[in-house]
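K.L.:
Input structure: input-v4.txt, which contains compact mmCIF, C-alpha atoms and all ligand atoms.
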```
# COMPACT_ATOMS: atom_id res chain seq x y z
CA MET A 134 -23.42 -9.68 -11.40
CA ASN A 135 -23.72 -7.85 -14.74
CA LEU A 136 -24.03 -10.51 -17.45
CA LEU A 137 -24.16 -8.18 -20.45
CA PRO A 138 -21.31 -8.86 -22.92
CA ASP A 139 -18.15 -6.96 -22.04
CA LEU A 140 -16.78 -4.85 -24.93
CA ARG A 141 -13.21 -5.53 -23.73
CA GLY A 142 -13.83 -9.22 -24.39
CA LEU A 143 -15.11 -8.79 -27.95
CA THR A 144 -12.70 -8.97 -30.86
CA PRO A 145 -12.87 -5.97 -33.21
CA VAL A 146 -14.66 -8.30 -35.67
CA GLY A 147 -17.26 -9.12 -33.01
CA MET A 148 -17.57 -5.44 -32.17
CA ALA A 149 -18.18 -4.60 -35.85
CA GLU A 150 -20.92 -7.25 -36.03
CA LEU A 151 -22.56 -5.85 -32.92
CA CYS A 152 -22.41 -2.21 -34.07
CA VAL A 153 -23.67 -3.01 -37.57
CA SER A 154 -26.52 -5.12 -36.14
CA LEU A 155 -27.58 -2.01 -34.20
CA GLY A 156 -27.58 0.17 -37.32
CA GLY A 157 -24.04 1.53 -36.91
CA THR A 158 -21.50 1.80 -39.72
CA PRO A 159 -18.17 -0.09 -40.05
CA HIS A 160 -16.46 3.27 -39.49
CA GLN A 161 -18.27 3.70 -36.16
CA ALA A 162 -17.37 0.12 -35.18
CA ARG A 163 -13.69 0.89 -35.78
CA ALA A 164 -14.00 4.00 -33.62
CA VAL A 165 -15.51 1.89 -30.81
CA SER A 166 -12.65 -0.65 -31.03
CA ARG A 167 -10.01 2.04 -30.88
CA ALA A 168 -11.71 3.79 -27.96
CA VAL A 169 -12.08 0.56 -25.98
CA PHE A 170 -8.64 -0.96 -26.56
CA ARG A 171 -6.33 1.95 -27.44
CA ASP A 172 -7.81 4.78 -25.36
CA GLY A 173 -9.06 2.48 -22.61
CA VAL A 174 -12.42 4.21 -22.10
CA GLU A 175 -14.14 2.97 -18.97
CA SER A 176 -17.69 4.04 -19.66
CA LEU A 177 -20.04 3.61 -22.61
CA SER A 178 -20.83 7.33 -22.37
CA GLU A 179 -17.24 8.05 -23.52
CA LEU A 180 -17.59 6.16 -26.81
CA PRO A 181 -16.98 8.52 -29.76
CA VAL A 182 -20.11 7.60 -31.74
CA ALA A 183 -23.53 9.12 -32.34
CA ALA A 184 -25.76 9.32 -29.25
CA ARG A 185 -28.29 6.90 -30.78
CA LEU A 186 -25.73 4.11 -31.26
CA ARG A 187 -24.28 4.80 -27.81
CA ALA A 188 -27.71 4.42 -26.25
CA LEU A 189 -28.34 1.16 -28.13
CA LEU A 190 -24.94 -0.21 -27.05
CA ALA A 191 -25.66 0.78 -23.44
CA GLY A 192 -28.67 -1.54 -23.41
CA ARG A 193 -26.72 -4.50 -24.74
CA CYS A 194 -23.20 -4.42 -23.36
CA ARG A 195 -20.88 -3.01 -20.73
CA ILE A 196 -17.23 -2.12 -20.25
CA SER A 197 -15.48 -3.80 -17.32
CA THR A 198 -12.82 -1.94 -15.40
CA LEU A 199 -9.68 -3.25 -13.81
CA GLY A 200 -7.70 -1.08 -11.43
CA ILE A 201 -4.10 -1.14 -10.33
CA ASP A 202 -3.89 -1.31 -6.53
CA THR A 203 -0.12 -1.13 -6.23
CA ARG A 204 2.75 -0.35 -8.57
CA LEU A 205 6.36 -1.17 -7.68
CA LYS A 206 9.35 -0.12 -9.73
CA SER A 207 12.61 -2.05 -9.73
CA ASP A 208 16.08 -0.50 -9.97
CA ASP A 209 16.35 -2.10 -13.43
CA GLY A 210 13.18 -0.34 -14.69
CA THR A 211 10.89 -3.39 -14.40
CA GLU A 212 7.48 -2.55 -12.95
CA LYS A 213 5.16 -4.86 -11.06
CA PHE A 214 1.42 -4.20 -10.87
CA LEU A 215 -1.19 -5.64 -8.55
CA TYR A 216 -4.43 -5.58 -10.55
CA ARG A 217 -7.78 -5.68 -8.80
CA LEU A 218 -10.52 -7.51 -10.71
CA GLN A 219 -14.16 -6.49 -10.43
CA ASP A 220 -15.03 -9.32 -8.03
CA GLY A 221 -12.23 -8.23 -5.70
CA GLU A 222 -9.74 -10.97 -6.67
CA THR A 223 -6.24 -9.86 -7.55
CA VAL A 224 -3.50 -10.93 -9.98
CA GLU A 225 -0.06 -9.57 -10.68
CA GLY A 226 1.63 -8.46 -13.87
CA VAL A 227 5.04 -7.20 -14.87
CA LEU A 228 6.12 -4.63 -17.46
CA ILE A 229 9.70 -5.12 -18.66
CA PRO A 230 11.31 -2.29 -20.64
CA GLU A 231 14.23 -3.34 -22.81
CA ARG A 232 15.57 -0.95 -25.45
CA ALA A 233 12.62 -0.31 -27.85
CA ARG A 234 10.60 -3.19 -26.38
CA ARG A 235 7.94 -3.00 -23.69
CA THR A 236 7.04 -6.55 -22.72
CA LEU A 237 4.00 -7.15 -20.54
CA CYS A 238 3.70 -10.38 -18.58
CA VAL A 239 -0.05 -11.13 -18.46
CA SER A 240 -1.88 -13.32 -15.93
CA THR A 241 -4.51 -15.78 -17.15
CA GLN A 242 -5.88 -17.22 -13.89
CA VAL A 243 -6.23 -16.32 -10.22
CA GLY A 244 -3.95 -18.99 -8.74
CA CYS A 245 -3.04 -22.05 -10.77
CA ARG A 246 -4.00 -25.72 -10.85
CA SER A 247 -0.56 -26.88 -12.04
CA ALA A 248 0.95 -26.35 -8.57
CA CYS A 249 4.61 -26.27 -9.61
CA ARG A 250 6.60 -26.57 -6.41
CA PHE A 251 9.02 -23.73 -7.21
CA CYS A 252 6.31 -21.15 -7.98
CA VAL A 253 4.48 -19.02 -5.43
CA THR A 254 1.37 -18.79 -7.64
CA GLY A 255 1.22 -22.57 -7.84
CA MET A 256 1.55 -22.93 -4.11
CA SER A 257 -1.38 -20.56 -3.48
CA GLY A 258 -3.95 -22.92 -5.07
CA PHE A 259 -6.49 -22.28 -7.84
CA VAL A 260 -9.33 -19.76 -7.55
CA ARG A 261 -10.70 -19.10 -11.06
CA SER A 262 -9.82 -18.44 -14.69
CA LEU A 263 -9.74 -14.93 -16.11
CA SER A 264 -11.91 -13.82 -19.03
CA ALA A 265 -10.42 -12.43 -22.24
CA ALA A 266 -11.73 -9.02 -21.12
CA GLU A 267 -9.74 -9.26 -17.89
CA MET A 268 -6.58 -10.10 -19.85
CA ALA A 269 -7.20 -7.18 -22.24
CA GLY A 270 -7.87 -5.04 -19.15
CA GLN A 271 -4.34 -5.76 -17.89
CA VAL A 272 -2.85 -4.42 -21.15
CA ILE A 273 -5.10 -1.35 -21.07
CA ALA A 274 -4.31 -0.59 -17.41
CA ALA A 275 -0.55 -1.12 -17.82
CA GLN A 276 -0.41 1.08 -20.94
CA LYS A 277 -2.35 3.84 -19.20
CA VAL A 278 -0.32 3.90 -16.03
CA ALA A 279 3.08 3.50 -17.74
CA GLY A 280 2.21 5.94 -20.53
CA CYS A 281 3.56 3.70 -23.31
CA ARG A 282 2.40 1.06 -25.78
CA VAL A 283 3.05 -2.60 -25.00
CA THR A 284 5.07 -4.11 -27.87
CA ASN A 285 5.34 -7.73 -26.69
CA ILE A 286 3.21 -9.99 -24.52
CA VAL A 287 4.26 -13.03 -22.54
CA LEU A 288 1.50 -15.17 -21.08
CA MET A 289 3.64 -16.12 -18.12
CA GLY A 290 1.94 -14.37 -15.21
CA CYS A 291 -0.30 -16.11 -12.66
CA GLY A 292 -1.99 -19.20 -14.08
CA GLU A 293 -1.62 -21.91 -16.71
CA PRO A 294 -2.79 -20.35 -20.02
CA LEU A 295 -3.63 -23.69 -21.65
CA ASP A 296 -5.95 -24.48 -18.73
CA ASN A 297 -7.99 -21.47 -19.93
CA PHE A 298 -7.66 -22.12 -23.66
CA ASP A 299 -10.78 -20.44 -25.07
CA ALA A 300 -10.38 -17.16 -23.18
CA VAL A 301 -6.65 -17.03 -23.95
CA SER A 302 -7.34 -17.72 -27.61
CA ARG A 303 -9.89 -14.90 -27.76
CA PHE A 304 -7.46 -12.58 -25.97
CA ALA A 305 -4.78 -13.44 -28.56
CA CYS A 306 -7.22 -12.48 -31.36
CA ILE A 307 -7.74 -9.11 -29.62
CA ALA A 308 -4.01 -8.63 -29.02
CA VAL A 309 -3.01 -9.13 -32.67
CA ASP A 310 -5.81 -7.07 -34.24
CA PRO A 311 -4.57 -3.69 -35.53
CA LEU A 312 -7.81 -2.11 -34.27
CA ALA A 313 -7.02 -3.33 -30.76
CA PHE A 314 -3.41 -3.75 -29.53
CA GLY A 315 -1.85 -4.57 -32.92
CA ILE A 316 0.88 -6.84 -31.56
CA PRO A 317 2.09 -9.38 -34.17
CA PRO A 318 1.68 -13.09 -33.20
CA GLY A 319 5.47 -13.51 -33.27
CA ARG A 320 5.69 -11.08 -30.37
CA ILE A 321 3.27 -13.00 -28.18
CA THR A 322 4.62 -15.97 -26.23
CA LEU A 323 2.55 -18.43 -24.25
CA SER A 324 4.27 -20.46 -21.56
CA THR A 325 2.80 -23.77 -20.42
CA SER A 326 3.66 -26.37 -17.82
CA GLY A 327 2.84 -28.97 -20.51
CA ILE A 328 -0.90 -29.54 -21.10
CA THR A 329 -0.37 -31.80 -24.09
CA PRO A 330 -3.89 -31.98 -25.62
CA GLU A 331 -4.00 -28.18 -25.80
CA ILE A 332 -0.50 -27.97 -27.30
CA ALA A 333 -1.89 -30.08 -30.14
CA ARG A 334 -4.66 -27.48 -30.68
CA MET A 335 -2.31 -24.51 -30.82
CA PRO A 336 -1.18 -24.39 -34.47
CA ARG A 337 -4.81 -24.33 -35.65
CA GLU A 338 -6.48 -22.33 -32.90
CA LEU A 339 -3.93 -20.24 -31.04
CA ASP A 340 -1.03 -19.33 -33.25
CA VAL A 341 1.40 -17.57 -30.94
CA ARG A 342 4.89 -18.61 -29.88
CA LEU A 343 5.06 -21.61 -27.56
CA ALA A 344 7.31 -21.86 -24.51
CA VAL A 345 7.35 -24.95 -22.32
CA SER A 346 8.44 -24.82 -18.71
CA LEU A 347 10.32 -28.14 -18.71
CA ASN A 348 12.68 -27.99 -15.71
CA ALA A 349 13.68 -31.66 -15.66
CA ALA A 350 14.59 -34.33 -18.19
CA ASP A 351 13.37 -37.38 -16.28
CA ASP A 352 9.89 -38.20 -15.02
CA GLU A 353 10.91 -38.76 -11.42
CA THR A 354 12.45 -35.30 -10.95
CA ARG A 355 9.81 -33.56 -13.05
CA SER A 356 6.89 -35.14 -11.21
CA ARG A 357 8.48 -34.10 -7.92
CA ILE A 358 8.73 -30.42 -8.86
CA MET A 359 5.84 -30.28 -11.37
CA PRO A 360 2.88 -32.50 -10.38
CA ILE A 361 1.28 -31.93 -13.81
CA ASN A 362 3.93 -34.37 -15.12
CA ARG A 363 2.01 -37.24 -13.51
CA LYS A 364 -0.89 -36.53 -15.85
CA TYR A 365 1.18 -35.62 -18.91
CA PRO A 366 4.54 -37.42 -18.55
CA LEU A 367 7.60 -36.54 -20.60
CA ALA A 368 6.96 -39.16 -23.33
CA LYS A 369 3.53 -37.62 -24.06
CA LEU A 370 4.83 -34.09 -23.79
CA MET A 371 7.74 -34.71 -26.15
CA GLN A 372 5.42 -36.39 -28.64
CA ALA A 373 3.18 -33.29 -28.62
CA LEU A 374 6.20 -30.97 -28.97
CA ARG A 375 7.67 -32.95 -31.86
CA ALA A 376 4.30 -32.79 -33.65
CA TYR A 377 4.19 -29.04 -32.99
CA GLY A 378 7.77 -28.67 -34.30
CA GLU A 379 6.80 -30.53 -37.48
CA THR A 380 4.54 -27.61 -38.38
CA GLY A 381 7.72 -25.53 -38.80
CA ARG A 382 7.37 -23.71 -35.46
CA ARG A 383 10.17 -23.52 -32.96
CA VAL A 384 9.58 -24.30 -29.28
CA LEU A 385 11.19 -22.27 -26.52
CA ILE A 386 12.25 -24.57 -23.68
CA GLU A 387 12.43 -22.89 -20.27
CA TYR A 388 14.48 -24.57 -17.59
CA VAL A 389 14.65 -23.10 -14.08
CA LEU A 390 17.85 -24.28 -12.44
CA LEU A 391 17.30 -25.39 -8.83
CA ALA A 392 20.52 -26.06 -6.91
CA GLY A 393 21.01 -29.75 -6.18
CA VAL A 394 17.71 -30.73 -7.84
CA ASN A 395 18.08 -30.41 -11.63
CA ASP A 396 21.33 -28.52 -12.27
CA SER A 397 24.04 -31.20 -12.52
CA ALA A 398 26.09 -32.01 -15.63
CA SER A 399 24.25 -35.31 -15.91
CA ASP A 400 20.90 -33.43 -15.84
CA ALA A 401 22.21 -31.30 -18.71
CA GLU A 402 23.22 -34.42 -20.66
CA LYS A 403 19.79 -35.99 -20.10
CA LEU A 404 18.17 -32.76 -21.30
CA ALA A 405 20.31 -32.67 -24.44
CA ALA A 406 19.34 -36.28 -25.20
CA LEU A 407 15.64 -35.60 -24.58
CA LEU A 408 15.54 -32.56 -26.85
CA GLN A 409 17.40 -34.17 -29.73
CA GLU A 410 15.54 -33.69 -32.99
CA LEU A 411 13.23 -31.06 -31.51
CA ASN A 412 13.25 -27.65 -33.20
CA CYS A 413 13.92 -25.62 -30.06
CA MET A 414 16.05 -23.19 -28.14
CA VAL A 415 16.70 -23.42 -24.40
CA ASN A 416 16.41 -20.56 -21.90
CA LEU A 417 18.12 -21.28 -18.59
CA LEU A 418 16.88 -19.32 -15.59
CA LEU A 419 18.44 -19.28 -12.15
CA PHE A 420 15.81 -19.87 -9.46
CA ASN A 421 14.85 -16.74 -7.55
CA PRO A 422 14.84 -17.70 -3.87
CA GLN A 423 11.57 -17.34 -1.96
CA THR A 424 11.33 -17.50 1.80
CA ASP A 425 8.38 -19.92 1.67
CA LEU A 426 9.88 -22.32 -0.91
CA PRO A 427 12.54 -24.96 -0.10
CA TYR A 428 14.82 -24.40 -3.13
CA ARG A 429 18.16 -22.66 -3.60
CA ARG A 430 19.61 -20.63 -6.45
CA PRO A 431 22.63 -22.29 -8.12
CA ASP A 432 25.78 -20.23 -8.63
CA GLU A 433 26.64 -18.70 -12.02
CA LEU A 434 29.40 -21.24 -12.57
CA SER A 435 27.10 -24.28 -12.42
CA ALA A 436 24.63 -22.48 -14.72
CA ARG A 437 27.45 -21.88 -17.24
CA ARG A 438 28.56 -25.52 -16.97
CA PHE A 439 24.99 -26.64 -17.65
CA GLN A 440 24.76 -24.29 -20.62
CA ARG A 441 28.12 -25.54 -22.00
CA VAL A 442 26.78 -29.12 -22.22
CA LEU A 443 23.82 -27.87 -24.28
CA LEU A 444 25.97 -25.67 -26.53
CA ASP A 445 28.36 -28.56 -27.16
CA ALA A 446 25.38 -30.72 -28.14
CA GLY A 447 24.45 -28.11 -30.77
CA PHE A 448 21.56 -26.31 -29.04
CA VAL A 449 20.97 -22.58 -28.93
CA SER A 450 20.92 -21.91 -25.20
CA VAL A 451 20.90 -18.66 -23.22
CA VAL A 452 21.26 -18.00 -19.49
CA ARG A 453 18.59 -15.36 -18.96
CA ASP A 454 18.92 -12.35 -16.68
CA SER A 455 16.31 -12.18 -13.98
CA ARG A 456 14.52 -8.86 -14.12
CA GLY A 457 12.86 -7.23 -11.13
CA ILE A 458 14.19 -9.57 -8.43
CA ASP A 459 14.22 -6.73 -5.88
CA ILE A 460 10.44 -6.27 -6.23
CA ALA A 461 9.63 -10.02 -6.49
CA ALA A 462 8.63 -9.61 -10.15
CA ALA A 463 10.93 -12.28 -11.56
CA CYS A 464 9.93 -15.69 -12.87
CA GLY A 465 8.01 -17.75 -10.27
CA GLN A 466 7.68 -14.83 -7.86
CA LEU A 467 4.20 -13.63 -8.83
CA ARG A 468 1.37 -14.49 -6.55
CA ALA A 469 -2.38 -14.39 -6.86
CA ALA A 470 -3.25 -12.17 -3.97
CA THR A 471 -1.20 -10.15 -1.62
CA ALA A 472 -3.71 -7.52 -0.65
S1 LIG B 501 4.96 -21.96 -12.94
FE1 LIG B 501 3.18 -21.34 -14.18
S2 LIG B 501 2.08 -23.29 -14.51
FE2 LIG B 501 3.48 -23.66 -12.79
S3 LIG B 501 2.24 -23.22 -10.96
FE3 LIG B 501 3.33 -21.32 -11.52
S4 LIG B 501 1.86 -20.18 -12.76
FE4 LIG B 501 1.17 -22.32 -12.71
```
Is it possible to express this structure as structure tokens?

P.N.:
Amino acid sequence: MNLLPDLRGLTPVGMAELCVSLGGTPHQARAVSRAVFRDGVESLSELPVAARLRALLAGRCRISTLGIDTRLKSDDGTEKFLYRLQDGETVEGVLIPERARRTLCVSTQVGCRSACRFCVTGMSGFVRSLSAAEMAGQVIAAQKVAGCRVTNIVLMGCGEPLDNFDAVSRFACIAVDPLAFGIPPGRITLSTSGITPEIARMPRELDVRLAVSLNAADDETRSRIMPINRKYPLAKLMQALRAYGETGRRVLIEYVLLAGVNDSASDAEKLAALLQELNCMVNLLLFNPQTDLPYRRPDELSARRFQRVLLDAGFVSVVRDSRGIDIAAACGQLRAATA
């Protein structure tokens, strides 16, 4: 295994320090950043700097590559990619075009420890966490193959991002830097199953938008469909979210409706009571059926009834469209390895 630092995992600030320490200029460092992140060069020999600096860099670092094994396009324009990592593991990602936006759903782990019962990634077990370079590699590969710039990022692919805090935080620094992807923090959303100690770290160390996959308003139901709730029960989670909200940031609550499990009017009332006084909005998603999972999709009418309870209680709540269902690219349908 090549243990030299990977340029795709260095922030542009780190890259500048490295180049200057080797006798390069800040201008050359900026050219290296742009070549690595914007142009997606895959070899040090392609770096647009003087041969001497290139040779010095070659002795001290490397550039990882990440290929796309398969690319599926949905009728609605959504694309799903199967990325192959350098050790042969695979993760999936989704590119969602929507008017001027190009949102990329990025994976942060191969598999996932949270093991949510309605998610195919969770049911495939945990293999390993991804590095910041591998997350940046997904953006580079998707931009290259789709021929467009990514404008928004959602950390909602395979894995629990807060179970890989340091690498995700470094990736966020790369994503927002104008010399790398230049995506403002307000256009990056991290979705968690509810790792409360790391939520507390976010305002200081990882300032992107926070989404919480809540999916139940009582501990019994939530622990049944999200085992992580046994470690971080609702009382702890809500305490962390209220503290987060007190910093002036709004939380996005995601709630996947599972027919007969969490979609009744009384579930909606419990949710409204739980979220009282939290600065939040609620996204409702209809479960996308999977052959290997024992849950059903509720009908539109019960979703609307659920939403009505929330609206009447004064919440902003939206029933979200599922994109890419026909290619299994919708929420909860990504898996770690299919090859
Ligand atoms: S929903 Fe997210 S946190 Fe839960 S198992 Fe799937 S990938 Fe992990």

K.L.:
Hey, could you make a per-residue contact list for chain A against ligand LIG 501 (chain B) with 7 Å as the cut-off, showing the nearest pair of atoms and its distance in Å to one decimal, counting only C-alpha atoms and all ligand atoms, sorted by chain and number, as a tab-separated table?

P.N.:
```
residue	atom	partner	partner_atom	distance
A:Cys245	CA	B:LIG501	FE4	4.6
A:Arg246	CA	B:LIG501	FE4	6.5
A:Ser247	CA	B:LIG501	S3	4.7
A:Ala248	CA	B:LIG501	S3	4.1
A:Cys249	CA	B:LIG501	S3	4.1
A:Cys252	CA	B:LIG501	FE3	4.6
A:Val253	CA	B:LIG501	FE3	6.6
A:Thr254	CA	B:LIG501	FE3	5.0
A:Gly255	CA	B:LIG501	S3	3.3
A:Met256	CA	B:LIG501	S3	6.9
A:Met289	CA	B:LIG501	FE1	6.6
A:Gly290	CA	B:LIG501	S4	6.3
A:Cys291	CA	B:LIG501	S4	4.6
A:Gly292	CA	B:LIG501	S4	4.2
A:Glu293	CA	B:LIG501	S2	4.5
A:Thr325	CA	B:LIG501	S2	6.0
A:Ser326	CA	B:LIG501	S2	4.8
A:Gly465	CA	B:LIG501	S1	5.8
```

K.L.:
Restrict the selected residues to C-alpha atoms and save them as a PDB file, in the frame of the given file.

P.N.:
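Result file is selection.pdb:
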```pdb
ATOM      1  CA  CYS A 245      -3.040 -22.050 -10.770  1.00  0.00           C
ATOM      2  CA  ARG A 246      -4.000 -25.720 -10.850  1.00  0.00           C
ATOM      3  CA  SER A 247      -0.560 -26.880 -12.040  1.00  0.00           C
ATOM      4  CA  ALA A 248       0.950 -26.350  -8.570  1.00  0.00           C
ATOM      5  CA  CYS A 249       4.610 -26.270  -9.610  1.00  0.00           C
ATOM      6  CA  CYS A 252       6.310 -21.150  -7.980  1.00  0.00           C
ATOM      7  CA  VAL A 253       4.480 -19.020  -5.430  1.00  0.00           C
ATOM      8  CA  THR A 254       1.370 -18.790  -7.640  1.00  0.00           C
ATOM      9  CA  GLY A 255       1.220 -22.570  -7.840  1.00  0.00           C
ATOM     10  CA  MET A 256       1.550 -22.930  -4.110  1.00  0.00           C
ATOM     11  CA  MET A 289       3.640 -16.120 -18.120  1.00  0.00           C
ATOM     12  CA  GLY A 290       1.940 -14.370 -15.210  1.00  0.00           C
ATOM     13  CA  CYS A 291      -0.300 -16.110 -12.660  1.00  0.00           C
ATOM     14  CA  GLY A 292      -1.990 -19.200 -14.080  1.00  0.00           C
ATOM     15  CA  GLU A 293      -1.620 -21.910 -16.710  1.00  0.00           C
ATOM     16  CA  THR A 325       2.800 -23.770 -20.420  1.00  0.00           C
ATOM     17  CA  SER A 326       3.660 -26.370 -17.820  1.00  0.00           C
ATOM     18  CA  GLY A 465       8.010 -17.750 -10.270  1.00  0.00           C
TER      19      GLY A 465
END
```

K.L.:
Between atom CA of A:Val452 and atom CA of A:Arg282, what is the distance in Å, rounded to a tenth?

P.N.:
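Here the two named atoms are 27.5 Å from each other.
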
K.L.:
When you look at A:Cys152 with a cut-off of 9 Å (counting only C-alpha atoms), what residues show up, excluding the ones that are within fewer than 2 positions of it in the same chain? I need them as an NGL selection string.

P.N.:
:A and (147-150 or 154-159 or 161-162 or 165 or 186 or 190)

K.L.:
For the atom pair atom CA of A:Val227 and atom CA of A:Arg430, what is the interatomic distance in Å to one decimal place?

P.N.:
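Straight-line distance from atom CA of A:Val227 to atom CA of A:Arg430 works out to 21.5 Å.
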
K.L.:
For A:Ile316, which residue out of A:Ala344, A:Leu390, A:Leu237, A:Ile332 is the nearest one, using all atoms listed in the file?

P.N.:
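Residue with the minimum atom-to-atom distance to A:Ile316: A:Leu237.
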
K.L.:
Find, counting all atoms listed in the file, the residue in A:Tyr365, A:Tyr428, A:Phe214, A:Phe314 that gets nearest to A:Asn395.

P.N.:
A:Tyr428

K.L.:
Write out as a list in words the residues lying within 9 Å of A:Arg141, counting all atoms listed in the file and excluding same-chain residues fewer than 6 positions away.

P.N.:
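Within the cut-off, the hits are Ser166, Val169, Phe170, Arg195, Ile196, Ser197, Ala265, Ala266, Glu267, Met268, Ala269, Gly270 and Ile307 of chain A.
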
K.L.:
For a quick check of understanding, using only C-alpha atoms, which of A:Phe251, A:Gly378, A:Leu426, A:Arg235 has the smallest distance to A:Met359?

P.N.:
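The shortest atom-to-atom distance to A:Met359 comes from A:Phe251.
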
K.L.:
Would you work out the distance separating atom CA of A:Ala350 from atom CA of A:Arg441, expressed in Å to one decimal?

P.N.:
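Atom CA of A:Ala350 sits 16.6 Å away from atom CA of A:Arg441.
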
K.L.:
If I wrap all listed atoms of stretch 263-281 of chain A in a box with edges along x, y and z and add 5 Å on each side, what are its centre and edge lengths in Å to one decimal, as lines of an AutoDock Vina configuration file?

P.N.:
```
center_x = -4.2
center_y = -4.5
center_z = -19.7
size_x = 25.5
size_y = 30.9
size_z = 17.3
```

K.L.:
Could you check which of A:Arg234, A:Thr241, A:Ser264, A:Gly393 is closest to A:Leu140, using all atoms listed in the file?

P.N.:
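Using all atoms listed in the file, A:Leu140 sits closest to A:Ser264.
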